[in-house]
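Source file: final_7.pdb (PDB, C-alpha atoms)
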ATOM      1  CA  MET A  57     155.259-119.961   8.496  1.00  0.00           C
ATOM      2  CA  SER A  58     157.821-118.808   5.925  1.00  0.00           C
ATOM      3  CA  GLU A  59     157.632-122.129   4.073  1.00  0.00           C
ATOM      4  CA  THR A  60     156.416-121.693   0.496  1.00  0.00           C
ATOM      5  CA  PRO A  61     153.564-123.848  -0.786  1.00  0.00           C
ATOM      6  CA  ALA A  62     154.409-126.683  -3.160  1.00  0.00           C
ATOM      7  CA  LEU A  63     152.525-125.117  -6.065  1.00  0.00           C
ATOM      8  CA  LEU A  64     154.796-122.054  -5.978  1.00  0.00           C
ATOM      9  CA  ASP A  65     157.897-124.244  -6.399  1.00  0.00           C
ATOM     10  CA  PHE A  66     156.520-125.778  -9.576  1.00  0.00           C
ATOM     11  CA  SER A  67     159.339-126.461 -12.056  1.00  0.00           C
ATOM     12  CA  ASP A  68     159.220-127.335 -15.743  1.00  0.00           C
ATOM     13  CA  ALA A  69     159.845-130.985 -14.871  1.00  0.00           C
ATOM     14  CA  ASP A  70     156.922-130.907 -12.425  1.00  0.00           C
ATOM     15  CA  LEU A  71     154.671-129.480 -15.137  1.00  0.00           C
ATOM     16  CA  LYS A  72     155.743-132.160 -17.602  1.00  0.00           C
ATOM     17  CA  ALA A  73     155.133-134.897 -15.023  1.00  0.00           C
ATOM     18  CA  THR A  74     151.723-133.427 -14.155  1.00  0.00           C
ATOM     19  CA  LEU A  75     150.632-133.321 -17.778  1.00  0.00           C
ATOM     20  CA  ARG A  76     151.878-136.880 -18.312  1.00  0.00           C
ATOM     21  CA  ARG A  77     149.896-138.093 -15.272  1.00  0.00           C
ATOM     22  CA  ALA A  78     146.800-136.251 -16.513  1.00  0.00           C
ATOM     23  CA  LEU A  79     147.183-137.883 -19.925  1.00  0.00           C
ATOM     24  CA  LYS A  80     147.417-141.342 -18.353  1.00  0.00           C
ATOM     25  CA  LEU A  81     144.421-140.622 -16.138  1.00  0.00           C
ATOM     26  CA  THR A  82     142.450-139.396 -19.161  1.00  0.00           C
ATOM     27  CA  ALA A  83     143.220-142.616 -21.035  1.00  0.00           C
ATOM     28  CA  SER A  84     142.229-144.829 -18.124  1.00  0.00           C
ATOM     29  CA  MET A  85     139.006-142.898 -17.475  1.00  0.00           C
ATOM     30  CA  ALA A  86     138.180-143.087 -21.201  1.00  0.00           C
ATOM     31  CA  VAL A  87     138.472-146.872 -21.201  1.00  0.00           C
ATOM     32  CA  PHE A  88     136.406-147.129 -18.015  1.00  0.00           C
ATOM     33  CA  GLY A  89     133.783-144.686 -19.313  1.00  0.00           C
ATOM     34  CA  PHE A  90     133.538-146.577 -22.596  1.00  0.00           C
ATOM     35  CA  GLY A  91     132.890-149.803 -20.697  1.00  0.00           C
ATOM     36  CA  VAL A  92     130.196-148.238 -18.531  1.00  0.00           C
ATOM     37  CA  LEU A  93     128.427-146.510 -21.429  1.00  0.00           C
ATOM     38  CA  ASP A  94     128.683-149.604 -23.603  1.00  0.00           C
ATOM     39  CA  PHE A  95     127.129-151.720 -20.860  1.00  0.00           C
ATOM     40  CA  LEU A  96     124.359-149.253 -19.979  1.00  0.00           C
ATOM     41  CA  PHE A  97     123.406-147.625 -23.292  1.00  0.00           C
ATOM     42  CA  GLY A  98     125.042-149.582 -26.111  1.00  0.00           C
ATOM     43  CA  TRP A  99     128.124-149.156 -28.217  1.00  0.00           C
ATOM     44  CA  LYS A 100     127.244-145.862 -29.947  1.00  0.00           C
ATOM     45  CA  PRO A 101     127.462-143.640 -26.851  1.00  0.00           C
ATOM     46  CA  GLY A 102     130.602-145.518 -25.849  1.00  0.00           C
ATOM     47  CA  VAL A 103     132.255-144.732 -29.178  1.00  0.00           C
ATOM     48  CA  GLN A 104     131.150-141.103 -28.891  1.00  0.00           C
ATOM     49  CA  PHE A 105     132.739-140.950 -25.458  1.00  0.00           C
ATOM     50  CA  LEU A 106     135.968-142.483 -26.791  1.00  0.00           C
ATOM     51  CA  ALA A 107     136.027-140.017 -29.682  1.00  0.00           C
ATOM     52  CA  GLY A 108     135.685-137.075 -27.307  1.00  0.00           C
ATOM     53  CA  ALA A 109     138.338-138.508 -25.018  1.00  0.00           C
ATOM     54  CA  ALA A 110     140.696-139.017 -27.967  1.00  0.00           C
ATOM     55  CA  VAL A 111     140.276-135.397 -29.026  1.00  0.00           C
ATOM     56  CA  SER A 112     140.847-134.269 -25.430  1.00  0.00           C
ATOM     57  CA  GLY A 113     143.892-136.474 -24.997  1.00  0.00           C
ATOM     58  CA  THR A 114     145.527-135.332 -28.213  1.00  0.00           C
ATOM     59  CA  GLY A 115     144.831-131.732 -27.216  1.00  0.00           C
ATOM     60  CA  LEU A 116     146.547-132.240 -23.885  1.00  0.00           C
ATOM     61  CA  TYR A 117     149.500-133.893 -25.617  1.00  0.00           C
ATOM     62  CA  GLU A 118     149.848-131.013 -28.101  1.00  0.00           C
ATOM     63  CA  TRP A 119     149.682-128.427 -25.321  1.00  0.00           C
ATOM     64  CA  GLN A 120     152.435-130.354 -23.556  1.00  0.00           C
ATOM     65  CA  GLN A 121     154.540-130.102 -26.720  1.00  0.00           C
ATOM     66  CA  LEU A 122     153.857-126.359 -27.047  1.00  0.00           C
ATOM     67  CA  ILE A 123     154.732-125.724 -23.405  1.00  0.00           C
ATOM     68  CA  GLU A 124     157.941-127.734 -23.764  1.00  0.00           C
ATOM     69  CA  LEU A 125     158.891-125.665 -26.806  1.00  0.00           C
ATOM     70  CA  MET A 126     158.129-122.353 -25.096  1.00  0.00           C
ATOM     71  CA  ASN A 127     160.029-123.310 -21.937  1.00  0.00           C
ATOM     72  CA  ALA A 128     163.077-124.257 -24.002  1.00  0.00           C
ATOM     73  CA  LYS A 129     162.901-120.945 -25.887  1.00  0.00           C
ATOM     74  CA  LEU A 130     162.527-118.968 -22.643  1.00  0.00           C
ATOM     75  CA  ASP A 131     165.488-120.777 -21.056  1.00  0.00           C
ATOM     76  CA  ASN A 132     167.628-120.250 -24.210  1.00  0.00           C
ATOM     77  CA  GLN A 133     167.994-124.003 -24.667  1.00  0.00           C
ATOM     78  CA  GLN A 134     167.710-126.194 -27.727  1.00  0.00           C
ATOM     79  CA  PRO A 135     164.084-127.372 -28.016  1.00  0.00           C
ATOM     80  CA  PRO A 136     163.611-131.140 -28.409  1.00  0.00           C
ATOM     81  CA  ARG A 137     161.671-130.582 -31.662  1.00  0.00           C
ATOM     82  CA  SER A 138     161.743-127.742 -34.152  1.00  0.00           C
ATOM     83  CA  THR A 139     159.220-124.950 -33.858  1.00  0.00           C
ATOM     84  CA  ALA A 140     157.875-125.640 -37.341  1.00  0.00           C
ATOM     85  CA  TRP A 141     157.262-129.305 -36.479  1.00  0.00           C
ATOM     86  CA  VAL A 142     155.432-128.518 -33.242  1.00  0.00           C
ATOM     87  CA  LEU A 143     153.235-125.856 -34.841  1.00  0.00           C
ATOM     88  CA  THR A 144     152.492-128.045 -37.862  1.00  0.00           C
ATOM     89  CA  MET A 145     151.430-130.918 -35.625  1.00  0.00           C
ATOM     90  CA  PHE A 146     149.341-128.540 -33.505  1.00  0.00           C
ATOM     91  CA  PHE A 147     147.352-127.328 -36.511  1.00  0.00           C
ATOM     92  CA  LEU A 148     147.047-130.836 -37.950  1.00  0.00           C
ATOM     93  CA  ARG A 149     145.619-131.956 -34.615  1.00  0.00           C
ATOM     94  CA  LEU A 150     143.051-129.178 -34.802  1.00  0.00           C
ATOM     95  CA  GLY A 151     141.972-130.489 -38.191  1.00  0.00           C
ATOM     96  CA  PHE A 152     141.935-134.039 -36.827  1.00  0.00           C
ATOM     97  CA  ALA A 153     139.779-132.922 -33.899  1.00  0.00           C
ATOM     98  CA  ALA A 154     137.318-131.154 -36.170  1.00  0.00           C
ATOM     99  CA  ALA A 155     137.114-134.196 -38.436  1.00  0.00           C
ATOM    100  CA  VAL A 156     136.580-136.622 -35.546  1.00  0.00           C
ATOM    101  CA  ILE A 157     133.868-134.473 -34.018  1.00  0.00           C
ATOM    102  CA  TYR A 158     132.151-133.987 -37.387  1.00  0.00           C
ATOM    103  CA  VAL A 159     132.238-137.690 -38.275  1.00  0.00           C
ATOM    104  CA  THR A 160     131.061-138.690 -34.809  1.00  0.00           C
ATOM    105  CA  LEU A 161     128.104-136.327 -34.944  1.00  0.00           C
ATOM    106  CA  LYS A 162     127.253-137.273 -38.531  1.00  0.00           C
ATOM    107  CA  CYS A 163     127.524-141.075 -38.172  1.00  0.00           C
ATOM    108  CA  PHE A 164     126.106-141.553 -34.680  1.00  0.00           C
ATOM    109  CA  LYS A 165     122.880-139.639 -34.825  1.00  0.00           C
ATOM    110  CA  GLY A 166     121.225-139.047 -31.520  1.00  0.00           C
ATOM    111  CA  PRO A 167     122.237-137.428 -28.267  1.00  0.00           C
ATOM    112  CA  PHE A 168     125.731-136.003 -28.264  1.00  0.00           C
ATOM    113  CA  TYR A 169     126.105-135.936 -24.480  1.00  0.00           C
ATOM    114  CA  ALA A 170     128.630-138.768 -24.474  1.00  0.00           C
ATOM    115  CA  LEU A 171     130.824-136.847 -26.926  1.00  0.00           C
ATOM    116  CA  VAL A 172     130.688-133.736 -24.752  1.00  0.00           C
ATOM    117  CA  ALA A 173     131.505-135.832 -21.672  1.00  0.00           C
ATOM    118  CA  GLY A 174     134.527-137.259 -23.482  1.00  0.00           C
ATOM    119  CA  LEU A 175     135.652-133.782 -24.482  1.00  0.00           C
ATOM    120  CA  GLY A 176     135.422-132.637 -20.856  1.00  0.00           C
ATOM    121  CA  LEU A 177     137.349-135.634 -19.596  1.00  0.00           C
ATOM    122  CA  VAL A 178     140.715-133.898 -19.807  1.00  0.00           C
ATOM    123  CA  ALA A 179     139.496-131.082 -17.540  1.00  0.00           C
ATOM    124  CA  VAL A 180     138.429-133.612 -14.920  1.00  0.00           C
ATOM    125  CA  SER A 181     141.799-135.358 -15.216  1.00  0.00           C
ATOM    126  CA  LEU A 182     143.786-132.149 -14.842  1.00  0.00           C
ATOM    127  CA  LEU A 183     141.733-131.009 -11.869  1.00  0.00           C
ATOM    128  CA  THR A 184     142.155-134.397 -10.211  1.00  0.00           C
ATOM    129  CA  VAL A 185     145.921-134.445 -10.695  1.00  0.00           C
ATOM    130  CA  VAL A 186     146.352-130.851  -9.497  1.00  0.00           C
ATOM    131  CA  ALA A 187     144.143-131.490  -6.449  1.00  0.00           C
ATOM    132  CA  ARG A 188     146.273-134.509  -5.547  1.00  0.00           C
ATOM    133  CA  GLN A 189     149.460-132.501  -5.910  1.00  0.00           C
ATOM    134  CA  SER A 190     148.209-129.587  -3.858  1.00  0.00           C
ATOM    135  CA  ARG A 191     147.388-131.895  -0.960  1.00  0.00           C
ATOM    136  CA  SER A 192     150.860-133.437  -0.876  1.00  0.00           C
TER     137      SER A 192
END
File written out as structure tokens:
Amino acid sequence: MSETPALLDFSDADLKATLRRALKLTASMAVFGFGVLDFLFGWKPGVQFLAGAAVSGTGLYEWQQLIELMNAKLDNQQPPRSTAWVLTMFFLRLGFAAAVIYVTLKCFKGPFYALVAGLGLVAVSLLTVVARQSRS
């Protein structure tokens, strides 16, 4: 009964591995979702879904970089990349995300549900990966 749950023994390496698995799962679900939407509704919703998934995936990747930087700073270690580089890339990604969403909504007129589904894909991936880890 005194055994601690696996989620309480979560190290920095475990977090990095979890985020990497979620990123891979996001990419695979994006490709699958594009295929399904392309087959059922045509290529425009499929591209909207891919655009949302790309924004989600780059967001997850940038958060992974920020977490890696903060963990290195908290552990008084040398971060793998400079703080200025990580923050610059973070804000450039925000601009990229805004541009992709704007262009997608402007060029592909019609329902934006596929874009929203693509944007929510990373949440589904993270929840799936964490649920798998909590069971093992």
- Item | Contacts of segment 173-181 of chain A at 9 Å (all atoms listed in the file; same-chain gap of 3+ positions) as a ChimeraX atom specification | /A:77-82,85-86,89,104-113,115-116,168-170,184-186
- Task: For Asp94 of chain A, work out the shell of residues within 10 Å, counting only C-alpha atoms and skipping chain neighbours fewer than 6 positions away, then give it as a list in words.
- Result: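 Near neighbours after the sequence-gap exclusion: Phe88, Lys100, Pro101, Gly102, Val103 and Phe105 of chain A.
This file, filtered with the PyMOL selection byres ((chain A and resi 139) around 12), gives the residues Gln121, Leu122, Ile123, Glu124, Leu125, Met126, Ala128, Lys129, Gln134, Pro135, Pro136, Arg137, Ser138, Ala140, Trp141, Val142, Leu143, Thr144, Met145 and Phe146 of chain A.
With atom CA of Thr74 of chain A on one side and atom CA of Gln189 of chain A on the other, the separation reads 8.6 Å.
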Please enclose the listed atoms of segment 74-91 of chain A in an axis-aligned box, pad each side by 5 Å, and write out the centre and the three edge lengths in Å, rounded to one decimal, as lines of an AutoDock Vina configuration file.
center_x = 142.4
center_y = -141.6
center_z = -18.4
size_x = 29.0
size_y = 26.5
size_z = 18.4
- Item | Å distance separating atom CA of Leu93 of chain A from atom CA of Val172 of chain A, one decimal place |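 Going from atom CA of Leu93 of chain A over to atom CA of Val172 of chain A, I get 13.4 Å.
Neighbours of Lys72 of chain A closer than or equal to 8 Å, with all atoms listed in the file counted and sequence neighbours fewer than 4 positions away skipped, come out as Asp68, Arg76, Gln120 and Glu124 of chain A.
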- Best match for closeness to Leu182 of chain A among A:Ala83, A:Ala69, A:Ile157, A:Leu75, counting all atoms listed in the file: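 Of A:Ala83, A:Ala69, A:Ile157, A:Leu75, the one nearest Leu182 of chain A, counting all atoms listed in the file, is A:Leu75.
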- Message: Counting all atoms listed in the file, which residue out of A:Gln133, A:Leu161, A:Pro167, A:Trp119 sits closest to Phe147 of chain A?
- Response: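 Counting all atoms listed in the file, the residue closest to Phe147 of chain A is A:Trp119.
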- Message: For a test of reading the model, state the distance in Å between atom CA of Phe95 of chain A and atom CA of Ala154 of chain A, rounded to one decimal.
- Response: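 Atom CA of Ala154 of chain A lies 27.6 Å from atom CA of Phe95 of chain A.
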